[in-house]
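Here is start.cif, consisting of mmCIF, C-alpha atoms and all ligand atoms:
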data_target
loop_
_atom_site.label_atom_id
_atom_site.label_comp_id
_atom_site.auth_asym_id
_atom_site.auth_seq_id
_atom_site.Cartn_x
_atom_site.Cartn_y
_atom_site.Cartn_z
CA MET M 1 -2.33 30.41 5.64
CA ALA M 2 -3.03 31.07 9.32
CA GLY M 3 -0.05 32.05 11.42
CA ARG M 4 2.21 33.13 8.51
CA THR M 5 4.45 36.01 9.61
CA ALA M 6 7.44 37.85 8.22
CA THR M 7 9.71 37.30 11.20
CA HIS M 8 13.23 35.86 11.01
CA GLU M 9 12.52 32.82 13.16
CA PRO M 10 13.62 29.47 11.74
CA PRO M 11 10.96 28.17 9.32
CA ILE M 12 10.22 24.89 11.08
CA GLY M 13 7.54 25.32 13.73
CA ARG M 14 6.50 28.80 12.60
CA PHE M 15 3.15 27.76 11.21
CA GLU M 16 1.17 26.76 14.26
CA GLY M 17 -2.39 26.01 13.23
CA ALA M 18 -1.57 25.38 9.57
CA LEU M 19 -1.77 21.57 9.65
CA LEU M 20 -4.98 20.64 7.79
CA CYS M 21 -6.73 17.24 7.99
CA PRO M 22 -6.26 15.33 4.69
CA PRO M 23 -8.63 12.61 3.38
CA LEU M 24 -9.05 9.62 5.69
CA SER M 25 -8.68 5.92 4.75
CA LEU M 26 -9.16 2.72 6.74
CA TYR M 27 -6.64 -0.14 6.55
CA VAL M 28 -7.70 -3.53 7.93
CA HIS M 29 -5.06 -6.23 8.41
CA LEU M 30 -6.07 -9.90 8.17
CA PRO M 31 -2.96 -11.83 9.17
CA TRP M 32 -3.36 -15.45 8.04
CA CYS M 33 -2.20 -17.30 4.91
CA VAL M 34 -2.48 -20.91 3.73
CA ARG M 35 1.32 -21.09 3.63
CA LYS M 36 4.11 -18.58 4.23
CA CYS M 37 5.88 -17.63 0.99
CA PRO M 38 9.70 -17.73 1.31
CA TYR M 39 10.19 -14.13 0.07
CA CYS M 40 7.49 -12.49 2.20
CA ASP M 41 8.15 -10.29 5.22
CA PHE M 42 4.56 -9.11 5.72
CA ASN M 43 2.89 -9.78 9.06
CA SER M 44 1.41 -13.04 7.81
CA HIS M 45 1.11 -16.32 9.63
CA GLU M 46 0.41 -19.82 8.40
CA GLY M 47 -3.14 -20.56 9.56
CA ARG M 48 -3.26 -23.96 11.26
CA GLY M 49 -6.62 -25.56 11.98
CA ALA M 50 -9.86 -23.58 12.14
CA LEU M 51 -9.19 -19.86 12.09
CA PRO M 52 -11.03 -17.65 14.64
CA PHE M 53 -12.84 -15.52 12.04
CA ASP M 54 -15.69 -14.49 14.34
CA ALA M 55 -13.43 -13.56 17.24
CA TYR M 56 -11.13 -11.65 14.90
CA VAL M 57 -14.01 -9.54 13.52
CA ASP M 58 -15.04 -8.79 17.13
CA ALA M 59 -11.45 -7.76 17.83
CA LEU M 60 -11.33 -5.54 14.73
CA LEU M 61 -14.50 -3.72 15.77
CA ALA M 62 -13.25 -3.29 19.34
CA ASP M 63 -9.96 -1.97 17.94
CA LEU M 64 -11.89 0.46 15.73
CA ASP M 65 -13.98 1.63 18.71
CA HIS M 66 -10.78 2.34 20.61
CA ASP M 67 -9.33 4.46 17.76
CA LEU M 68 -12.55 6.31 16.90
CA PRO M 69 -11.86 9.37 19.10
CA LEU M 70 -8.85 10.08 16.84
CA VAL M 71 -11.15 10.69 13.85
CA TRP M 72 -14.51 11.94 15.19
CA GLY M 73 -16.71 13.43 12.48
CA ARG M 74 -14.38 12.59 9.60
CA THR M 75 -15.42 10.73 6.44
CA VAL M 76 -13.70 7.54 5.28
CA HIS M 77 -12.87 7.63 1.56
CA THR M 78 -11.29 4.20 1.06
CA VAL M 79 -11.04 0.84 2.84
CA PHE M 80 -8.32 -1.74 2.15
CA PHE M 81 -8.32 -5.31 3.49
CA GLY M 82 -4.66 -6.33 3.31
CA GLY M 83 -2.70 -9.27 4.56
CA GLY M 84 -1.88 -11.92 4.93
CA THR M 85 -4.60 -13.34 2.74
CA PRO M 86 -7.88 -11.49 3.32
CA SER M 87 -9.64 -13.79 0.84
CA LEU M 88 -9.24 -16.57 3.43
CA PHE M 89 -12.04 -14.84 5.33
CA PRO M 90 -15.45 -16.07 4.10
CA PRO M 91 -17.62 -13.18 2.85
CA GLU M 92 -19.99 -13.18 5.83
CA PHE M 93 -17.14 -12.00 8.06
CA ILE M 94 -16.11 -9.23 5.65
CA ASP M 95 -19.78 -8.25 5.54
CA ARG M 96 -20.09 -8.19 9.33
CA PHE M 97 -16.98 -6.05 9.65
CA LEU M 98 -18.13 -3.57 6.99
CA GLN M 99 -21.57 -3.29 8.56
CA GLY M 100 -20.00 -2.65 11.96
CA ALA M 101 -17.53 -0.14 10.52
CA SER M 102 -20.19 1.79 8.64
CA ALA M 103 -22.27 2.02 11.83
CA ARG M 104 -19.28 3.69 13.50
CA LEU M 105 -17.83 5.83 10.70
CA ARG M 106 -19.28 7.84 7.81
CA PHE M 107 -18.25 6.27 4.47
CA ALA M 108 -18.06 8.55 1.40
CA PRO M 109 -20.56 7.54 -1.30
CA GLY M 110 -18.86 5.12 -3.69
CA ALA M 111 -15.90 4.65 -1.32
CA GLU M 112 -13.28 2.34 -2.86
CA ILE M 113 -13.22 -0.94 -0.88
CA THR M 114 -10.40 -3.32 -1.86
CA LEU M 115 -9.80 -6.92 -0.79
CA GLU M 116 -6.45 -8.62 -1.40
CA THR M 117 -7.05 -12.04 -2.90
CA ASN M 118 -4.80 -15.05 -3.31
CA PRO M 119 -5.84 -16.99 -6.44
CA GLY M 120 -5.38 -20.20 -4.47
CA THR M 121 -8.38 -19.30 -2.30
CA ALA M 122 -10.84 -18.38 -5.08
CA GLU M 123 -14.39 -19.70 -5.27
CA TYR M 124 -17.12 -18.32 -7.53
CA GLY M 125 -19.84 -18.02 -4.87
CA ARG M 126 -17.48 -16.06 -2.67
CA PHE M 127 -16.84 -13.33 -5.21
CA GLU M 128 -20.53 -12.56 -5.59
CA LEU M 129 -20.90 -12.36 -1.83
CA TYR M 130 -17.85 -10.11 -1.40
CA ARG M 131 -19.54 -7.78 -3.87
CA SER M 132 -22.80 -7.88 -1.95
CA ALA M 133 -20.84 -7.08 1.22
CA GLY M 134 -19.62 -3.86 -0.43
CA VAL M 135 -16.17 -4.84 -1.75
CA ASN M 136 -15.78 -3.12 -5.15
CA ARG M 137 -12.11 -3.73 -5.97
CA LEU M 138 -10.00 -6.91 -5.86
CA SER M 139 -6.23 -7.06 -5.80
CA PHE M 140 -4.93 -10.47 -6.91
CA GLY M 141 -1.51 -11.73 -5.82
CA ILE M 142 -0.54 -13.32 -9.16
CA GLN M 143 3.26 -12.80 -9.02
CA SER M 144 3.90 -14.64 -12.31
CA PHE M 145 2.06 -16.71 -14.92
CA ASP M 146 5.04 -19.05 -15.30
CA ASP M 147 4.49 -22.29 -13.42
CA GLY M 148 8.22 -22.80 -12.78
CA CYS M 149 8.50 -19.30 -11.30
CA LEU M 150 5.39 -19.86 -9.18
CA GLN M 151 6.87 -23.06 -7.79
CA ARG M 152 10.20 -21.43 -7.01
CA LEU M 153 8.26 -18.67 -5.20
CA GLY M 154 6.48 -21.30 -3.11
CA ARG M 155 3.04 -20.17 -4.30
CA ILE M 156 -0.03 -22.31 -3.56
CA HIS M 157 -1.53 -21.85 -7.07
CA ASP M 158 -0.46 -22.42 -10.67
CA SER M 159 -0.98 -20.07 -13.62
CA ALA M 160 -4.20 -21.76 -14.81
CA GLU M 161 -5.74 -21.32 -11.36
CA ALA M 162 -4.66 -17.68 -11.34
CA GLU M 163 -6.29 -16.98 -14.70
CA ALA M 164 -9.44 -18.87 -13.70
CA ALA M 165 -9.71 -16.92 -10.43
CA VAL M 166 -9.52 -13.54 -12.17
CA LYS M 167 -12.13 -14.61 -14.73
CA LEU M 168 -14.45 -15.88 -11.97
CA ALA M 169 -14.21 -12.51 -10.23
CA GLN M 170 -14.93 -10.66 -13.47
CA ASP M 171 -17.91 -12.94 -14.16
CA ALA M 172 -19.18 -12.11 -10.68
CA GLY M 173 -19.19 -8.43 -11.68
CA PHE M 174 -15.81 -7.10 -10.47
CA ASP M 175 -14.54 -4.66 -13.10
CA ASN M 176 -11.98 -2.95 -10.86
CA VAL M 177 -9.26 -5.56 -10.58
CA ASN M 178 -5.55 -5.20 -9.84
CA LEU M 179 -2.97 -7.86 -10.62
CA ASP M 180 0.23 -7.96 -8.53
CA LEU M 181 3.20 -9.20 -10.56
CA MET M 182 6.80 -9.50 -9.46
CA TYR M 183 9.86 -9.41 -11.73
CA ALA M 184 13.57 -10.17 -11.39
CA LEU M 185 12.54 -13.63 -10.18
CA PRO M 186 14.90 -16.60 -9.81
CA GLN M 187 15.73 -17.95 -13.30
CA GLN M 188 13.47 -15.41 -15.02
CA THR M 189 14.58 -14.01 -18.38
CA LEU M 190 13.47 -10.79 -20.05
CA ALA M 191 11.28 -12.83 -22.44
CA MET M 192 9.61 -14.55 -19.44
CA ALA M 193 8.90 -11.20 -17.77
CA GLN M 194 7.38 -10.00 -21.03
CA ARG M 195 5.18 -13.12 -21.30
CA ASP M 196 3.90 -12.51 -17.76
CA LEU M 197 2.73 -9.05 -18.79
CA GLU M 198 1.14 -10.33 -21.99
CA ARG M 199 -0.88 -12.89 -20.04
CA ALA M 200 -1.85 -10.19 -17.57
CA PHE M 201 -3.03 -7.85 -20.36
CA ALA M 202 -5.17 -10.66 -21.83
CA LEU M 203 -7.21 -10.54 -18.61
CA GLN M 204 -7.86 -6.80 -19.07
CA PRO M 205 -7.19 -5.70 -15.48
CA ALA M 206 -7.85 -2.06 -14.56
CA HIS M 207 -4.53 -1.86 -12.70
CA VAL M 208 -1.18 -3.65 -12.58
CA SER M 209 1.30 -3.50 -9.68
CA HIS M 210 4.75 -4.49 -10.94
CA TYR M 211 7.20 -5.12 -8.08
CA GLN M 212 10.87 -6.00 -8.25
CA LEU M 213 11.47 -9.04 -6.01
CA THR M 214 13.46 -7.88 -2.99
CA LEU M 215 15.29 -10.14 -0.55
CA GLU M 216 13.82 -8.97 2.74
CA PRO M 217 15.70 -9.61 6.00
CA ASN M 218 14.34 -12.50 8.09
CA THR M 219 12.87 -14.39 5.17
CA VAL M 220 13.82 -17.81 3.83
CA PHE M 221 15.07 -16.19 0.59
CA ALA M 222 17.36 -13.83 2.51
CA ALA M 223 18.85 -16.72 4.49
CA ARG M 224 19.27 -18.94 1.40
CA PRO M 225 19.07 -16.80 -1.74
CA PRO M 226 17.70 -18.83 -4.66
CA GLN M 227 19.81 -19.42 -7.78
CA GLY M 228 19.51 -17.22 -10.83
CA ILE M 229 18.16 -13.91 -9.54
CA PRO M 230 18.95 -11.34 -12.28
CA ASP M 231 21.74 -8.89 -11.36
CA ASP M 232 21.17 -5.12 -11.10
CA ASP M 233 21.66 -4.46 -14.81
CA GLY M 234 19.41 -7.36 -15.77
CA SER M 235 16.70 -6.17 -13.37
CA TRP M 236 16.97 -2.62 -14.66
CA ASP M 237 16.59 -3.83 -18.27
CA MET M 238 13.51 -5.80 -17.26
CA GLN M 239 12.00 -2.81 -15.53
CA GLU M 240 12.58 -0.47 -18.48
CA HIS M 241 11.28 -2.98 -20.99
CA CYS M 242 8.20 -3.80 -18.91
CA GLN M 243 7.46 -0.11 -18.29
CA ALA M 244 7.35 0.42 -22.05
CA LEU M 245 5.08 -2.62 -22.56
CA LEU M 246 2.71 -1.39 -19.83
CA ALA M 247 2.57 2.08 -21.39
CA ASP M 248 1.88 0.61 -24.86
CA ALA M 249 -0.96 -1.47 -23.40
CA GLY M 250 -2.58 1.65 -21.89
CA TYR M 251 -1.34 1.37 -18.29
CA ALA M 252 0.15 4.71 -17.26
CA GLN M 253 2.73 4.60 -14.50
CA TYR M 254 1.77 6.86 -11.59
CA GLU M 255 4.03 5.45 -8.85
CA VAL M 256 7.27 3.45 -8.64
CA SER M 257 5.42 0.11 -9.04
CA ALA M 258 1.84 1.12 -9.92
CA TYR M 259 0.27 1.34 -13.38
CA ALA M 260 -3.36 2.08 -14.19
CA ARG M 261 -5.81 2.56 -16.98
CA PRO M 262 -7.28 6.09 -17.04
CA GLY M 263 -9.30 6.80 -13.87
CA ARG M 264 -8.32 3.47 -12.27
CA GLN M 265 -5.49 4.51 -9.97
CA CYS M 266 -5.78 2.97 -6.51
CA ALA M 267 -7.37 5.72 -4.40
CA HIS M 268 -6.33 4.01 -1.16
CA ASN M 269 -2.64 3.76 -2.01
CA LEU M 270 -2.68 7.24 -3.52
CA ASN M 271 -3.91 8.56 -0.20
CA TYR M 272 -0.88 6.97 1.55
CA TRP M 273 1.54 8.35 -1.02
CA ARG M 274 0.01 11.82 -0.76
CA TYR M 275 0.65 11.79 3.00
CA GLY M 276 -3.05 11.35 3.67
CA ASP M 277 -4.46 9.91 6.91
CA TYR M 278 -5.41 6.31 7.67
CA LEU M 279 -6.61 4.31 10.62
CA GLY M 280 -4.80 0.98 10.92
CA ILE M 281 -6.95 -1.77 12.41
CA GLY M 282 -5.84 -5.38 12.97
CA ALA M 283 -2.73 -7.24 14.09
CA GLY M 284 0.41 -5.20 13.33
CA ALA M 285 -1.56 -2.53 11.41
CA HIS M 286 -0.04 0.95 11.16
CA GLY M 287 -2.07 4.17 11.13
CA LYS M 288 -1.24 7.82 10.55
CA ILE M 289 -3.63 10.49 11.75
CA THR M 290 -3.41 14.28 11.69
CA LEU M 291 -4.64 15.61 15.03
CA GLY M 292 -6.04 19.04 14.21
CA ALA M 293 -6.53 20.21 17.79
CA GLU M 294 -3.02 19.17 18.83
CA GLN M 295 -1.50 20.30 15.52
CA THR M 296 0.50 17.14 15.23
CA VAL M 297 0.74 13.94 13.19
CA LEU M 298 0.31 10.70 15.14
CA ARG M 299 1.61 7.35 14.00
CA ARG M 300 0.06 4.39 15.86
CA TRP M 301 0.70 0.68 15.37
CA LYS M 302 -0.88 -2.43 16.87
CA ASN M 303 0.72 -5.53 18.34
CA LYS M 304 1.77 -7.90 15.59
CA HIS M 305 1.00 -11.34 16.83
CA PRO M 306 -2.58 -12.44 16.12
CA THR M 307 -2.98 -14.31 19.41
CA ALA M 308 -1.87 -11.34 21.53
CA TYR M 309 -3.90 -8.98 19.37
CA LEU M 310 -7.06 -11.10 19.76
CA ALA M 311 -6.70 -10.96 23.52
CA GLN M 312 -5.91 -7.23 23.72
CA ALA M 313 -7.85 -5.50 20.91
CA GLY M 314 -10.01 -2.66 22.17
CA SER M 315 -7.70 -1.78 25.03
CA ALA M 316 -4.53 0.27 25.23
CA ALA M 317 -2.59 -3.01 25.57
CA ALA M 318 -3.10 -3.72 21.84
CA ILE M 319 -1.22 -0.56 20.88
CA GLY M 320 2.34 -1.42 19.92
CA GLY M 321 3.33 2.26 19.96
CA ASP M 322 2.33 5.88 19.44
CA ASP M 323 4.74 8.30 17.82
CA ARG M 324 4.05 12.01 17.37
CA ILE M 325 5.93 13.25 14.32
CA GLU M 326 7.64 16.47 15.28
CA PRO M 327 7.76 19.19 12.59
CA ALA M 328 11.45 18.65 11.79
CA ARG M 329 10.76 15.02 10.69
CA ARG M 330 7.79 15.82 8.49
CA PRO M 331 9.65 16.94 5.30
CA PHE M 332 11.49 13.59 5.20
CA GLU M 333 8.30 11.58 5.79
CA TYR M 334 6.48 13.65 3.19
CA MET M 335 9.17 13.16 0.52
CA LEU M 336 9.48 9.44 1.29
CA ASN M 337 5.89 9.13 0.07
CA LEU M 338 5.37 11.93 -2.45
CA LEU M 339 8.55 11.33 -4.42
CA ARG M 340 7.27 7.85 -5.29
CA LEU M 341 4.63 9.58 -7.43
CA VAL M 342 5.35 10.38 -11.06
CA ASP M 343 3.34 13.59 -10.63
CA GLY M 344 5.20 14.71 -7.50
CA PHE M 345 3.54 17.30 -5.28
CA GLY M 346 2.40 20.91 -5.07
CA LEU M 347 4.11 23.21 -2.59
CA GLY M 348 0.68 24.27 -1.25
CA GLU M 349 -0.11 20.60 -0.50
CA PHE M 350 3.24 20.27 1.25
CA GLU M 351 2.29 23.16 3.52
CA ALA M 352 -1.21 21.88 4.29
CA ARG M 353 -0.04 18.34 5.09
CA THR M 354 3.08 19.10 7.09
CA GLY M 355 2.04 22.40 8.70
CA LEU M 356 5.37 23.88 7.53
CA ASP M 357 6.11 26.77 5.22
CA ARG M 358 7.62 25.90 1.84
CA SER M 359 10.76 27.80 2.88
CA ALA M 360 11.51 24.84 5.22
CA ILE M 361 12.61 22.85 2.14
CA THR M 362 14.02 25.54 -0.17
CA ALA M 363 17.67 24.56 0.27
CA GLN M 364 17.00 20.82 -0.19
CA LEU M 365 14.88 21.44 -3.29
CA GLN M 366 17.60 23.57 -4.81
CA ALA M 367 20.19 20.87 -4.15
CA ALA M 368 17.98 18.16 -5.71
CA ILE M 369 17.23 20.32 -8.76
CA ALA M 370 20.95 21.02 -9.20
CA GLN M 371 21.61 17.23 -9.19
CA GLY M 372 18.98 16.74 -11.90
CA TRP M 373 16.81 14.68 -9.48
CA LEU M 374 13.81 17.02 -9.26
CA GLU M 375 12.25 19.57 -11.58
CA ARG M 376 10.02 22.48 -10.66
CA ASP M 377 7.16 23.87 -12.71
CA GLY M 378 5.58 26.81 -10.83
CA ASP M 379 4.20 25.32 -7.62
CA ARG M 380 4.66 21.70 -8.70
CA VAL M 381 7.74 19.61 -7.96
CA ARG M 382 8.29 16.35 -9.83
CA PRO M 383 11.01 13.71 -9.69
CA THR M 384 12.92 13.41 -12.97
CA GLU M 385 13.64 9.97 -14.43
CA LEU M 386 17.08 10.14 -12.81
CA GLY M 387 15.48 11.15 -9.50
CA ARG M 388 13.16 8.16 -9.64
CA ARG M 389 16.16 5.90 -10.12
CA PHE M 390 17.86 7.38 -7.04
CA THR M 391 14.84 7.97 -4.80
CA ASN M 392 16.76 7.04 -1.63
CA ASP M 393 19.42 9.68 -2.28
CA VAL M 394 16.82 12.34 -3.06
CA VAL M 395 14.78 11.59 0.04
CA ALA M 396 17.94 11.54 2.22
CA LEU M 397 18.38 15.26 1.47
CA PHE M 398 15.30 15.89 3.60
CA LEU M 399 16.48 14.02 6.70
CA PRO M 400 16.40 16.21 9.81
CA GLU M 401 19.84 17.54 10.80
C1 LIG B 501 0.37 -8.81 1.10
S1 LIG B 501 0.73 -9.40 -0.45
C2 LIG B 501 -0.87 -9.59 -1.21
C3 LIG B 501 -1.73 -10.70 -1.54
C4 LIG B 501 -1.67 -12.10 -1.06
N1 LIG B 501 -1.13 -12.20 0.24
C5 LIG B 501 -0.87 -12.90 -2.03
O1 LIG B 501 0.34 -12.96 -1.89
O2 LIG B 501 -1.49 -13.46 -2.94
C6 LIG B 501 1.14 -7.96 -1.40
C7 LIG B 501 2.04 -8.08 -2.60
O3 LIG B 501 3.35 -7.67 -2.27
C8 LIG B 501 4.26 -8.24 -3.20
N2 LIG B 501 5.42 -8.72 -2.46
C9 LIG B 501 5.42 -9.45 -1.32
N3 LIG B 501 6.71 -9.71 -0.93
C10 LIG B 501 7.52 -9.14 -1.85
C11 LIG B 501 8.94 -9.06 -2.02
N4 LIG B 501 9.79 -9.65 -1.16
N5 LIG B 501 9.43 -8.36 -3.08
C12 LIG B 501 8.58 -7.77 -3.95
N6 LIG B 501 7.24 -7.82 -3.84
C13 LIG B 501 6.71 -8.49 -2.81
C14 LIG B 501 3.53 -9.36 -3.91
O4 LIG B 501 3.31 -9.01 -5.25
C15 LIG B 501 2.22 -9.44 -3.16
O5 LIG B 501 1.14 -9.80 -3.99
S1 LIG B 502 0.28 -15.30 0.48
FE1 LIG B 502 0.89 -13.09 0.32
S2 LIG B 502 0.98 -12.33 2.45
FE2 LIG B 502 0.85 -14.59 2.54
S3 LIG B 502 2.96 -15.23 2.77
FE3 LIG B 502 2.49 -15.24 0.56
S4 LIG B 502 3.05 -13.17 -0.22
FE4 LIG B 502 2.99 -13.07 2.03
#

Now, as a test, write the supplied structure out as structure tokens.
Ligand SMILES: C[S@@+](CC[C@H](N)C(=O)[O-])C[C@H]1O[C@@H](n2cnc3c(N)ncnc32)[C@H](O)[C@@H]1O
Ligand code: SF4
Amino acid sequence: MAGRTATHEPPIGRFEGALLCPPLSLYVHLPWCVRKCPYCDFNSHEGRGALPFDAYVDALLADLDHDLPLVWGRTVHTVFFGGGTPSLFPPEFIDRFLQGASARLRFAPGAEITLETNPGTAEYGRFELYRSAGVNRLSFGIQSFDDGCLQRLGRIHDSAEAEAAVKLAQDAGFDNVNLDLMYALPQQTLAMAQRDLERAFALQPAHVSHYQLTLEPNTVFAARPPQGIPDDDGSWDMQEHCQALLADAGYAQYEVSAYARPGRQCAHNLNYWRYGDYLGIGAGAHGKITLGAEQTVLRRWKNKHPTAYLAQAGSAAAIGGDDRIEPARRPFEYMLNLLRLVDGFGLGEFEARTGLDRSAITAQLQAAIAQGWLERDGDRVRPTELGRRFTNDVVALFLPE
């Protein structure tokens, strides 16, 4: 690796020129929903009246133009439309954005292009047109197939609508489908969590995301917690039981909450978790870009509120902040992501993505191995089962002093 020397300088900062550009993804935030769910702290806003789809696509393209100099000449490997509820956007607007984006950026052949979809917004004709626009993966926000649970979560759809929406998408030719489910829901029992998975498996998705419901600050649920949320032991039992059911059904866990059939892992999310690069376009979107010439990692985020964003996109005023990640902070950032992965990381990848020598983390690795949180196999470092249960403690070892 360029710049490696045998001096006795401190390890951090010794490897000038060693930071290599990882694969690049594009995240596009579409901020509106039919109704705000009481547990949700995403940057999502109840859309009232006619939504400004056309103006928002113009803003997205202007925003992209403004960020392009950060990624000149690089290829985009994945695109993810997240929200909010991207499926509120009629397909012609997704098409116009993708056409504009591919005129500005080189897309890898067969790039994964995902659209988050709320089953309450599904229409058959739309799915065919999303496919024609280039979307090749759908991620459905199902949450549960129990109608009581769906009501308590304030969802706009019932279980029959959710099943019908997934089948419509499959009939329209989508074979790469993810279902988001949540567990540890108000008044949910272990048997109910199991039934949710069984109904998910019947739809044969390629991927299942299985999230524990969390009470996020500044949400309705945090202010007035609903009755009957399982306690820690109950939630842990549910997670263990569901993990086993997912494995038996052929969905291998590869991240804390992500399970996939062989070859169907989400390439976009994997790029985040491997400390890859991504442009973040849209209201409140976050990006992370390795700047080769400057030998630094830049985090950039956009203003959150759609109205302000619409007015400012394409100018510096839309940028909520820029943060250059100094070398001392990179091990913590890296572990925060990589230790979510069942397969961990290689020490060579750590060096390429942080620009630091592996010796920068020797002491922390030794401490984590001694605790039984990590295990090392040659160059590869993996979290143990115990380590995955205490991810926050493991990652805290890598905080800068
Ligand atoms: C941005 S939403 C995606 C799709 C769409 N907006 C919808 O809800 O149908 C991403 C996913 O995060 C999960 N999620 C949101 N809030 C959560 C919370 N408080 N705890 C756990 N998971 C949550 C849900 O499973 C949700 O589908
Ligand atoms: S539909 Fe999805 S993004 Fe919108 S409020 Fe509900 S969980 Fe959040």

Quiz item: Within 9 Å of Gly228 (chain M), counting only C-alpha atoms, which residues qualify if same-chain residues fewer than 4 places away don't, as a PyMOL selection string?
Solution: chain M and resi 185-188

Filtering to C-alpha atoms, could you give me those residues as a PDB file, keeping the file's coordinate frame?
ATOM      1  CA  LEU M 185      12.540 -13.630 -10.180  1.00  0.00           C
ATOM      2  CA  PRO M 186      14.900 -16.600  -9.810  1.00  0.00           C
ATOM      3  CA  GLN M 187      15.730 -17.950 -13.300  1.00  0.00           C
ATOM      4  CA  GLN M 188      13.470 -15.410 -15.020  1.00  0.00           C
TER       5      GLN M 188
END

Quiz item: Near Gly280 (chain M), within 8 Å and counting all atoms listed in the file, which residues show up once chain neighbours fewer than 5 positions away are dropped, as a ChimeraX atom specification?
Solution: /M:26-29,285-288,300-302

Would you output that residue set with C-alpha atoms, as a short mmCIF file (atom, residue, chain, number, x, y, z; two decimals), in the coordinates of the input?
data_model
loop_
_atom_site.label_atom_id
_atom_site.label_comp_id
_atom_site.auth_asym_id
_atom_site.auth_seq_id
_atom_site.Cartn_x
_atom_site.Cartn_y
_atom_site.Cartn_z
CA LEU M 26 -9.16 2.72 6.74
CA TYR M 27 -6.64 -0.14 6.55
CA VAL M 28 -7.70 -3.53 7.93
CA HIS M 29 -5.06 -6.23 8.41
CA ALA M 285 -1.56 -2.53 11.41
CA HIS M 286 -0.04 0.95 11.16
CA GLY M 287 -2.07 4.17 11.13
CA LYS M 288 -1.24 7.82 10.55
CA ARG M 300 0.06 4.39 15.86
CA TRP M 301 0.70 0.68 15.37
CA LYS M 302 -0.88 -2.43 16.87
#

Quiz item: What does the distance from CA of Gly82 (chain M) to CA of Thr290 (chain M) come to in Å, to one decimal?
Solution: 22.3 Å

Quiz item: Can you find the residues with an atom no farther than 12 Å from (-4.2, -16.2, -17.2), counting all atoms listed in the file, and report them as a PyMOL selection string?
Solution: chain M and resi 119+140+142-147+157-168+179+195-205

Could you take the residues named above and write them with C-alpha atoms, as a PDB file, keeping the file's coordinate frame?
ATOM      1  CA  PRO M 119      -5.840 -16.990  -6.440  1.00  0.00           C
ATOM      2  CA  PHE M 140      -4.930 -10.470  -6.910  1.00  0.00           C
ATOM      3  CA  ILE M 142      -0.540 -13.320  -9.160  1.00  0.00           C
ATOM      4  CA  GLN M 143       3.260 -12.800  -9.020  1.00  0.00           C
ATOM      5  CA  SER M 144       3.900 -14.640 -12.310  1.00  0.00           C
ATOM      6  CA  PHE M 145       2.060 -16.710 -14.920  1.00  0.00           C
ATOM      7  CA  ASP M 146       5.040 -19.050 -15.300  1.00  0.00           C
ATOM      8  CA  ASP M 147       4.490 -22.290 -13.420  1.00  0.00           C
ATOM      9  CA  HIS M 157      -1.530 -21.850  -7.070  1.00  0.00           C
ATOM     10  CA  ASP M 158      -0.460 -22.420 -10.670  1.00  0.00           C
ATOM     11  CA  SER M 159      -0.980 -20.070 -13.620  1.00  0.00           C
ATOM     12  CA  ALA M 160      -4.200 -21.760 -14.810  1.00  0.00           C
ATOM     13  CA  GLU M 161      -5.740 -21.320 -11.360  1.00  0.00           C
ATOM     14  CA  ALA M 162      -4.660 -17.680 -11.340  1.00  0.00           C
ATOM     15  CA  GLU M 163      -6.290 -16.980 -14.700  1.00  0.00           C
ATOM     16  CA  ALA M 164      -9.440 -18.870 -13.700  1.00  0.00           C
ATOM     17  CA  ALA M 165      -9.710 -16.920 -10.430  1.00  0.00           C
ATOM     18  CA  VAL M 166      -9.520 -13.540 -12.170  1.00  0.00           C
ATOM     19  CA  LYS M 167     -12.130 -14.610 -14.730  1.00  0.00           C
ATOM     20  CA  LEU M 168     -14.450 -15.880 -11.970  1.00  0.00           C
ATOM     21  CA  LEU M 179      -2.970  -7.860 -10.620  1.00  0.00           C
ATOM     22  CA  ARG M 195       5.180 -13.120 -21.300  1.00  0.00           C
ATOM     23  CA  ASP M 196       3.900 -12.510 -17.760  1.00  0.00           C
ATOM     24  CA  LEU M 197       2.730  -9.050 -18.790  1.00  0.00           C
ATOM     25  CA  GLU M 198       1.140 -10.330 -21.990  1.00  0.00           C
ATOM     26  CA  ARG M 199      -0.880 -12.890 -20.040  1.00  0.00           C
ATOM     27  CA  ALA M 200      -1.850 -10.190 -17.570  1.00  0.00           C
ATOM     28  CA  PHE M 201      -3.030  -7.850 -20.360  1.00  0.00           C
ATOM     29  CA  ALA M 202      -5.170 -10.660 -21.830  1.00  0.00           C
ATOM     30  CA  LEU M 203      -7.210 -10.540 -18.610  1.00  0.00           C
ATOM     31  CA  GLN M 204      -7.860  -6.800 -19.070  1.00  0.00           C
ATOM     32  CA  PRO M 205      -7.190  -5.700 -15.480  1.00  0.00           C
TER      33      PRO M 205
END

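With the cut-off set to 6 Å and only C-alpha atoms and all ligand atoms counted, the residues surrounding ligand LIG 501 (chain B) are Tyr39, Cys40, Gly83, Gly84, Thr85, Glu116, Thr117, Asn118, Gly141, Gln143, Asp180, Leu181, Met182, Tyr211, Gln212, Leu213, Thr214, Leu215 and Glu216 of chain M.
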
Exercise. For Gly348 (chain M), please output as number ranges by chain all residues within 10 Å (counting all atoms listed in the file; exclusion window: fewer than 5 positions along the same chain).
Key: M: 1, 353, 356-358, 379-380

Quiz prompt | Pro217 (chain M) surroundings by all atoms listed in the file, 12 Å radius, close-in-sequence under 2 positions cut, as a PyMOL selection string | solution = chain M and resi 38-42+214-215+219-225

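In this structure, CA of Lys304 (chain M) sits 4.8 Å away from CA of Ala283 (chain M).
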
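CA of Gln227 (chain M) lies 20.5 Å from atom FE4 of ligand LIG 502 (chain B).
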